[in-house]
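J.: Dropping the structure in here first, questions after.
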Amino acid sequence: MTLPGLAAFTRPMSASLERFAQAKLADLDAAALRRRLAVTVRGPGAEAEREGRALVSFSCNDYLGLARDPRVVAAAREAAARYGAGAGGSRLVTGNHPLLPALEARLARHKGKEAALVFGSGYLANLGITPALVGPRDLVLVDALAHSCLWAGARMSAAAVLRFPHNDVAALEALLEQNRTGRERAMILTERVFSMDGDRGSVPEILALAERYDAWTLVDDAHGLGVVEPGERAPLEMGTLSKSLGSYGGYLCASRAVIDLLTSRARSFVYTTGLPPASAAAALEALTILEAEPERAARPLRLAQRFTARLGLPEAESAVVPILVGTAEDALALSAALEARGFLVVAIRPPTVPAGTARLRVAFSAAHGEAEVDALAEAIAALR
Ligand code: PMP
């Protein structure tokens with residue numbers, strides 16, 4: 001094999017592109033909004049070694065501590081040995097290895113749905129679902145705090161997209177009342193547990209409303225699965241394999257007909273490579289553990305509630321607790337002060353959260369000990 005000549009790596013940069021990038025970076029720096037990557041080695045337990053420092057992490061979405069569970073890791077290893085490192089093609093061509101339909105059957109059963117479809121990630125699932133179901137003549141209503149990928153899917157659908165105030169069912173009803181007529185189909189997009197606030201979506205109320213206005217509800221369960229009691233199921237239940245299941249990938253659970261339609265129509269499913277065997281096997285094993293060990297699943301919420309009680313905060317509704325700070329600078333400073341005390345709690349800044357609501361997002365895991373939770377609460381109380 002011959003390597004490309006050095007010239008291939010030394011083509012001149014575009015001066016205008018460099019100016020653009022440098023100016024944008026300067027803007028981000030001035031607003032304390034520039035993001036930087038930090039190499040992080042996770043585990044064992046809730047430990048994370050970050051740039052050489054050993055910290056207790058409260059920023060991982062591995063809510064059940066399964067990403068490093070030896071059974072999950074062994075399942076991934078065996079699947080890679082048996083089926084290879086990659087799927088080798090899109091699902092509709094040659095990438096549909098046996099672990100994918102097996103995982104779909106297990107996800108559907110777990111969610112009490114007829115069928116499921118596994119996507120390359122949760123983000124890809126949301127990019128594919130909404131545009132496959134609605135188009136220019138239709139209406140999509142999205143919770144103001146819905147995740148970026150729910151918004152992206154809504155916008156890609158080319159339907160009329162309206163934002164309703166966070167979890168405000170009365171406002172949602174008013175929007176349906178004013179805008180539903182004349183639109184062929186309508187969808188409502190919300191979350192079971194909101195990713196940056198940790199509160200729960202008003203799913204039963206929204207489902208009742210959706211029925212009255214013949215709208216289809218898509219619930220994003222990314223932060224709910226395995227952590228909170230699901231309650232009533234929506235017609236469209238999506239989620240990720242990357243948080244409580246400790247793996248990678250996304251899914252939709254729905255009726256057989258809807259899943260069959262998406263199999264043909266969701267562009268982010270059709271035109272991308274199938275999930276690798278190791279990721280599918282890890283998720284399958286994690287689902288088995290989740291169902292077999294209810295005491296593990298109960299732990300993150302219990303720890304989160306212990307934490308909110310210690311700090312006098314409103315009782316946690318999920319494994320995620322926000323500590324609202326305000327400015328990006330102050331959130332970064334609080335995060336740095338906690339890091340100096342041995343805790344990794346990453347600051348979340350706009351545009352991930354609305355302007356003026358920069359925060360620490362504290363995520364609890366079955367891997368945390370009570371003493372670690374209490375120590376973090378004490379450190380935060382002392383610093384605030
Ligand atoms: N939905 C929500 C609510 C999320 O928080 C996330 C991930 N942060 C996703 C979807 C995307 O999932 P994934 O990481 O599997 O792409």
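Labeling convention for the structure tokens: chains A, B, ... as they appear, residues from 1 per chain, ligands from 1 in order of appearance.
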I'd like the contact shell of stretch 361-370 of chain A - 8 Å cut-off, only C-alpha atoms, skipping same-chain residues fewer than 6 positions apart - returned as a PyMOL selection string.

T.: chain A and resi 45-46+58-65+196-197+296-297+299-301+303-304+319-323+345-348

J.: Can you pull out the residues contacting A:Val41? Cut-off 7 Å, using only C-alpha atoms, and skip same-chain residues under 4 positions away; I want them as a PyMOL selection string.

T.: chain A and resi 48-50

J.: Could you write out the selected residues, including C-alpha atoms, as an mmCIF file, in the first residue's frame?

T.:
```cif
data_model
loop_
_atom_site.group_PDB
_atom_site.id
_atom_site.type_symbol
_atom_site.label_atom_id
_atom_site.label_comp_id
_atom_site.auth_asym_id
_atom_site.auth_seq_id
_atom_site.Cartn_x
_atom_site.Cartn_y
_atom_site.Cartn_z
ATOM 1 C CA ALA A 48 -13.907 8.949 36.542
ATOM 2 C CA GLU A 49 -10.307 9.795 35.852
ATOM 3 C CA ARG A 50 -10.259 13.106 34.055
#
```

J.: Can you tell me which residues come within 7 Å of ligand 1 when counting only C-alpha atoms and all ligand atoms, ideally as a list in words?

T.: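 Checking only C-alpha atoms and all ligand atoms against ligand 1 at 7 Å gives Ser121, Gly122, Tyr123, Leu124, Ala146, His147, Cys149, Glu191, Phe194, Ser195, Asp220, Asp221, Ala222, His223, Gly239, Thr240, Leu241, Ser242, Tyr248, Gly249 and Gly250 of chain A.
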
J.: Among the residues of stretch 155-259 of chain A, find those DSSP assigns to helix (DSSP H, G or I) from the backbone and print them as a VMD selection string.

T.: chain A and resid 155 to 156 169 to 179 203 to 212 256 to 259

J.: Dump C-alpha atoms for the selected residues as a CSV table (one decimal), in the first residue's frame?

T.:
```
chain,number,residue,atom,x,y,z
A,155,ARG,CA,-38.1,20.9,11.6
A,156,MET,CA,-36.9,18.3,9.1
A,169,VAL,CA,-51.1,21.3,29.1
A,170,ALA,CA,-53.6,24.2,29.1
A,171,ALA,CA,-51.4,26.1,26.7
A,172,LEU,CA,-51.0,23.0,24.5
A,173,GLU,CA,-54.8,22.7,24.4
A,174,ALA,CA,-55.1,26.3,23.3
A,175,LEU,CA,-52.6,25.7,20.5
A,176,LEU,CA,-54.5,22.6,19.3
A,177,GLU,CA,-57.8,24.5,19.5
A,178,GLN,CA,-56.4,27.3,17.3
A,179,ASN,CA,-54.2,25.3,14.9
A,203,VAL,CA,-47.8,12.3,29.8
A,204,PRO,CA,-51.2,11.1,30.9
A,205,GLU,CA,-52.8,14.6,30.5
A,206,ILE,CA,-51.1,15.0,27.1
A,207,LEU,CA,-52.3,11.6,25.9
A,208,ALA,CA,-55.9,12.5,26.9
A,209,LEU,CA,-55.7,15.8,25.0
A,210,ALA,CA,-54.1,14.1,22.0
A,211,GLU,CA,-57.0,11.7,21.8
A,212,ARG,CA,-59.5,14.6,21.7
A,256,ARG,CA,-46.5,-3.3,14.2
A,257,ALA,CA,-47.8,-1.2,11.3
A,258,VAL,CA,-46.0,1.9,12.5
A,259,ILE,CA,-42.8,0.0,12.9
```

J.: Would you pick out the contacts of A:Val72 at 8 Å or less, using only C-alpha atoms, so that residues sharing its chain but fewer than 2 positions from it are not included, and give the list as a ChimeraX atom specification?

T.: /A:66-70,74-76,281-283,285-286

J.: Taking 2 positions as the minimum chain separation for residues in the same chain, which residues sit within 12 Å of A:Leu37 when counting only C-alpha atoms? Answer as a ChimeraX atom specification.

T.: /A:34-35,39-40,50-51,346

J.: Which polymer residues have any atom within 7 Å of an atom of stretch 110-114 of chain A, counting only C-alpha atoms, with same-chain residues fewer than 2 positions away left out, as JSON, numbers by chain?

T.: {"A": [106, 107, 108, 253, 254, 255, 256]}

J.: Go through A:Ala298, A:Ala38, A:Val193, A:Leu290 one by one, measure the shortest atom-to-atom distance of each to A:Leu145 using only C-alpha atoms, and give the residue with the smallest value.

T.: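 Selected residue with least distance to A:Leu145: A:Val193.
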
J.: DSSP on the backbone: which residues in stretch 175-341 of chain A end up as strand (DSSP E)? Give the answer as a list of chain:residue names.

T.: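 Going through stretch 175-341 of chain A, the strand (DSSP E) residues come out as A:Ala186, A:Met187, A:Ile188, A:Leu189, A:Thr190, A:Glu191, A:Trp216, A:Thr217, A:Leu218, A:Val219, A:Asp220, A:Leu236, A:Glu237, A:Met238, A:Gly239, A:Thr240, A:Gly250, A:Tyr251, A:Leu252, A:Cys253, A:Ala254, A:Val320, A:Val321, A:Pro322, A:Ile323, A:Leu324, A:Val325, A:Gly326.
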
J.: Write the selection just made, keeping C-alpha atoms, as a PDB file, in the first residue's frame?

T.:
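In the end it all went to again36.pdb:
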```pdb
ATOM      1  CA  ALA A 186     -50.773  16.360  14.148  1.00  0.00           C
ATOM      2  CA  MET A 187     -48.027  15.205  16.485  1.00  0.00           C
ATOM      3  CA  ILE A 188     -47.112  16.170  20.045  1.00  0.00           C
ATOM      4  CA  LEU A 189     -43.472  15.757  21.119  1.00  0.00           C
ATOM      5  CA  THR A 190     -42.530  15.515  24.781  1.00  0.00           C
ATOM      6  CA  GLU A 191     -40.300  13.621  27.206  1.00  0.00           C
ATOM      7  CA  TRP A 216     -50.104  11.384  17.810  1.00  0.00           C
ATOM      8  CA  THR A 217     -47.888  11.607  20.880  1.00  0.00           C
ATOM      9  CA  LEU A 218     -44.174  10.820  20.737  1.00  0.00           C
ATOM     10  CA  VAL A 219     -42.635  10.386  24.185  1.00  0.00           C
ATOM     11  CA  ASP A 220     -38.851  10.456  24.498  1.00  0.00           C
ATOM     12  CA  LEU A 236     -44.833   6.327  19.951  1.00  0.00           C
ATOM     13  CA  GLU A 237     -42.259   5.525  22.646  1.00  0.00           C
ATOM     14  CA  MET A 238     -38.671   6.259  21.703  1.00  0.00           C
ATOM     15  CA  GLY A 239     -35.502   6.117  23.718  1.00  0.00           C
ATOM     16  CA  THR A 240     -31.830   5.363  23.789  1.00  0.00           C
ATOM     17  CA  GLY A 250     -31.674   4.282  19.842  1.00  0.00           C
ATOM     18  CA  TYR A 251     -35.112   2.750  19.408  1.00  0.00           C
ATOM     19  CA  LEU A 252     -38.781   3.322  18.770  1.00  0.00           C
ATOM     20  CA  CYS A 253     -41.502   1.069  20.219  1.00  0.00           C
ATOM     21  CA  ALA A 254     -44.928   1.277  18.564  1.00  0.00           C
ATOM     22  CA  VAL A 320     -31.358  14.036  37.294  1.00  0.00           C
ATOM     23  CA  VAL A 321     -31.269  17.048  39.629  1.00  0.00           C
ATOM     24  CA  PRO A 322     -30.433  20.549  38.351  1.00  0.00           C
ATOM     25  CA  ILE A 323     -28.603  23.050  40.550  1.00  0.00           C
ATOM     26  CA  LEU A 324     -29.558  26.300  38.866  1.00  0.00           C
ATOM     27  CA  VAL A 325     -26.789  28.881  38.863  1.00  0.00           C
ATOM     28  CA  GLY A 326     -27.587  31.542  36.237  1.00  0.00           C
TER      29      GLY A 326
END
```

J.: Skip stretch 374-382 of chain A itself and residues of its chain fewer than 3 positions away, then list as number ranges by chain all residues within 9 Å of it, counting only C-alpha atoms.

T.: A: 58, 306-308, 310-311, 334, 338, 341, 343, 369-371

J.: Write a file of the selected residues as a compact mmCIF listing (two decimals), in the first residue's frame, keeping N, CA and C atoms.

T.:
```txt
# COMPACT_ATOMS: atom_id res chain seq x y z
N PHE A 58 -20.64 12.69 38.92
CA PHE A 58 -22.11 12.86 38.97
C PHE A 58 -22.58 13.43 37.64
N ARG A 306 -32.57 11.48 48.23
CA ARG A 306 -31.76 11.71 49.43
C ARG A 306 -31.00 13.03 49.30
N PHE A 307 -30.47 13.27 48.11
CA PHE A 307 -29.69 14.47 47.81
C PHE A 307 -30.57 15.73 47.90
N THR A 308 -31.74 15.70 47.27
CA THR A 308 -32.60 16.90 47.30
C THR A 308 -33.07 17.17 48.72
N ARG A 310 -31.39 16.55 51.48
CA ARG A 310 -30.26 17.15 52.21
C ARG A 310 -30.09 18.62 51.89
N LEU A 311 -30.36 18.99 50.65
CA LEU A 311 -30.13 20.38 50.24
C LEU A 311 -31.39 21.23 50.32
N LEU A 334 -18.55 27.10 39.81
CA LEU A 334 -19.03 26.13 40.80
C LEU A 334 -18.55 24.72 40.44
N LEU A 338 -16.11 22.32 42.72
CA LEU A 338 -16.44 20.94 43.09
C LEU A 338 -15.36 19.97 42.62
N ARG A 341 -12.70 19.61 44.92
CA ARG A 341 -13.05 18.77 46.08
C ARG A 341 -13.27 17.31 45.69
N PHE A 343 -15.15 16.08 42.95
CA PHE A 343 -16.41 15.70 42.29
C PHE A 343 -16.43 16.21 40.86
N GLY A 369 -22.46 5.42 46.11
CA GLY A 369 -22.73 5.06 47.50
C GLY A 369 -23.41 6.23 48.20
N GLU A 370 -24.14 5.92 49.28
CA GLU A 370 -24.82 6.99 50.04
C GLU A 370 -23.81 8.03 50.53
N ALA A 371 -22.64 7.56 50.95
CA ALA A 371 -21.64 8.49 51.50
C ALA A 371 -21.18 9.47 50.42
```

J.: In Å, how far is it from atom CA of A:Arg163 to atom CA of A:Pro351?

T.: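 Going from atom CA of A:Arg163 over to atom CA of A:Pro351 covers 16.3 Å.
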
J.: Expressed in Å to a single decimal, how great is the separation between atom CA of A:Arg77 and atom CA of A:Pro276?

T.: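 Interatomic distance, atom CA of A:Arg77 to atom CA of A:Pro276: 11.5 Å.
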
J.: Would you mind telling me which residue in A:Gly226, A:Gly231, A:Gly198, A:Pro131 lies nearest to A:Ala158 when using only C-alpha atoms?

T.: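 Among A:Gly226, A:Gly231, A:Gly198, A:Pro131, it is A:Pro131 that comes nearest to A:Ala158.
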
J.: Between A:Ala32, A:Ala144, A:Ala23, A:Ala54, which is the closest to A:Ala331 once you count only C-alpha atoms?

T.: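 Among the listed residues, the smallest separation from A:Ala331 belongs to A:Ala32.
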